[in-house]
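**Student:** Sharing a structure here in structure tokens format.
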Amino acid sequence: MTKAIGPWRQHSCDTVYENPWLRLEHHRVTTPANTDGIYGKVCFKNIAVGVVPLDDEGFTYLVGQHRYPLDCYSWEIPEGGALLGTSPAQTARRELAEETGLRCAALYHFGHLHTSNSCTDEAAEMFLALDLTPGESAPEDTEDLRVRRLPLGEAVAMAMSGEITDALSVTALLKLRLLLDQCCGDLHAVIGAMKACAE
């Protein structure tokens with residue numbers, strides 16, 4: 001059965017691979033130019049969640065790990081995946097604690113994005129974590145992590161220089177910096193523009 005997707009027409013959709021985290025689909029389509037074509041789509045079973053922790057001294061925390069798909073080391077904000085239909089805010093709190101040992105008394109949502117919209121449907125949510133309390137971390141078996149505490153400005157500089165390349169991390173760090181600049185560095189004014197998460 002043909003399905004309209006904007007100016008595209010989808011004639012078939014076949015799953016060619018699936019695992020607990022994603023599904024790869026092969027579509028037969030008619031393009032907006034009215035030509036026959038194919039489209040590959042990666043469908044994610046999680047929403048990507050990233051959290052920028054900010055302590056009372058203006059320091060943030062990055063997590064370092066070797067990323068298998070790229071075969072390179074990556075510094076990132078604490079991140080994880082929220083199963084579709086579950087709370088991204090709860091996932092943000094859990095991932096922050098698991099990866100850094102930090103617990104937060106206050107959590108604010110400040111952004112939504114799509115990570116690679118030409119070939120995937122992956123969505124991401126960004127959070128700011130405040131009122132931090134240290135504790136024990138509990139990384140997953142697949143994670144060999146290093147945690148680094150540094151001034152927020154230094155983390156932003158790493159994103160600007162390309163030392164941080166993870167899309168969610170770059171976006172979250174630069175957006176938070178821009179929000180702070182727009183409010184003349186007044187964190188309370190920035191918080192006033194954000195949505196508090198009660199979960």
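Labels for the structure tokens follow display order: chains A, B, ..., residues from 1 in each chain, ligands from 1.
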Do you know which residues are at most 7 Å from range 43-46 of chain A counting only C-alpha atoms, after dropping those on the same chain fewer than 5 positions away, and could you put them as a list of chain:residue names?
**Tutor:**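 Those residues are A:Trp21, A:Leu22, A:Arg23, A:Leu24, A:Gly81, A:Ala82, A:Leu83, A:Leu84, A:Thr120, A:Asp121, A:Glu122.
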**Student:** Which residues of range 39-71 of chain A come within 7 Å of range 149-171 of chain A, and for each one, what is the closest pair of atoms and their distance in Å to one decimal, counting only C-alpha atoms, sorted by chain and residue number, as a Markdown table?
**Tutor:**
```
| residue | atom | partner | partner_atom | distance |
| --- | --- | --- | --- | --- |
| A:Gly50 | CA | A:Leu168 | CA | 6.6 |
| A:Gly58 | CA | A:Pro151 | CA | 6.0 |
| A:Phe59 | CA | A:Pro151 | CA | 4.1 |
| A:Thr60 | CA | A:Leu152 | CA | 5.3 |
| A:Tyr61 | CA | A:Arg149 | CA | 4.5 |
| A:Leu62 | CA | A:Arg149 | CA | 6.6 |
```
**Student:** Could you list, as number ranges by chain, every residue within 10 Å of Ile191 in chain A, counting only C-alpha atoms and ignoring same-chain residues fewer than 2 positions away?
**Tutor:** A: 107-110, 128, 179-180, 186-189, 193-196
**Student:** Step one, run DSSP on the backbone; step two, keep only residues of range 7-196 of chain A assigned to strand (DSSP E or B); then write them as a ChimeraX atom specification.
**Tutor:** /A:8-18,22-30,36-44,46-53,59-67,72-76,79-83,103-114,120,123-133,146-151,195-196
**Student:** Distance CA of Tyr73 in chain A-CA of Leu145 in chain A, one decimal place?
**Tutor:** 10.5 Å
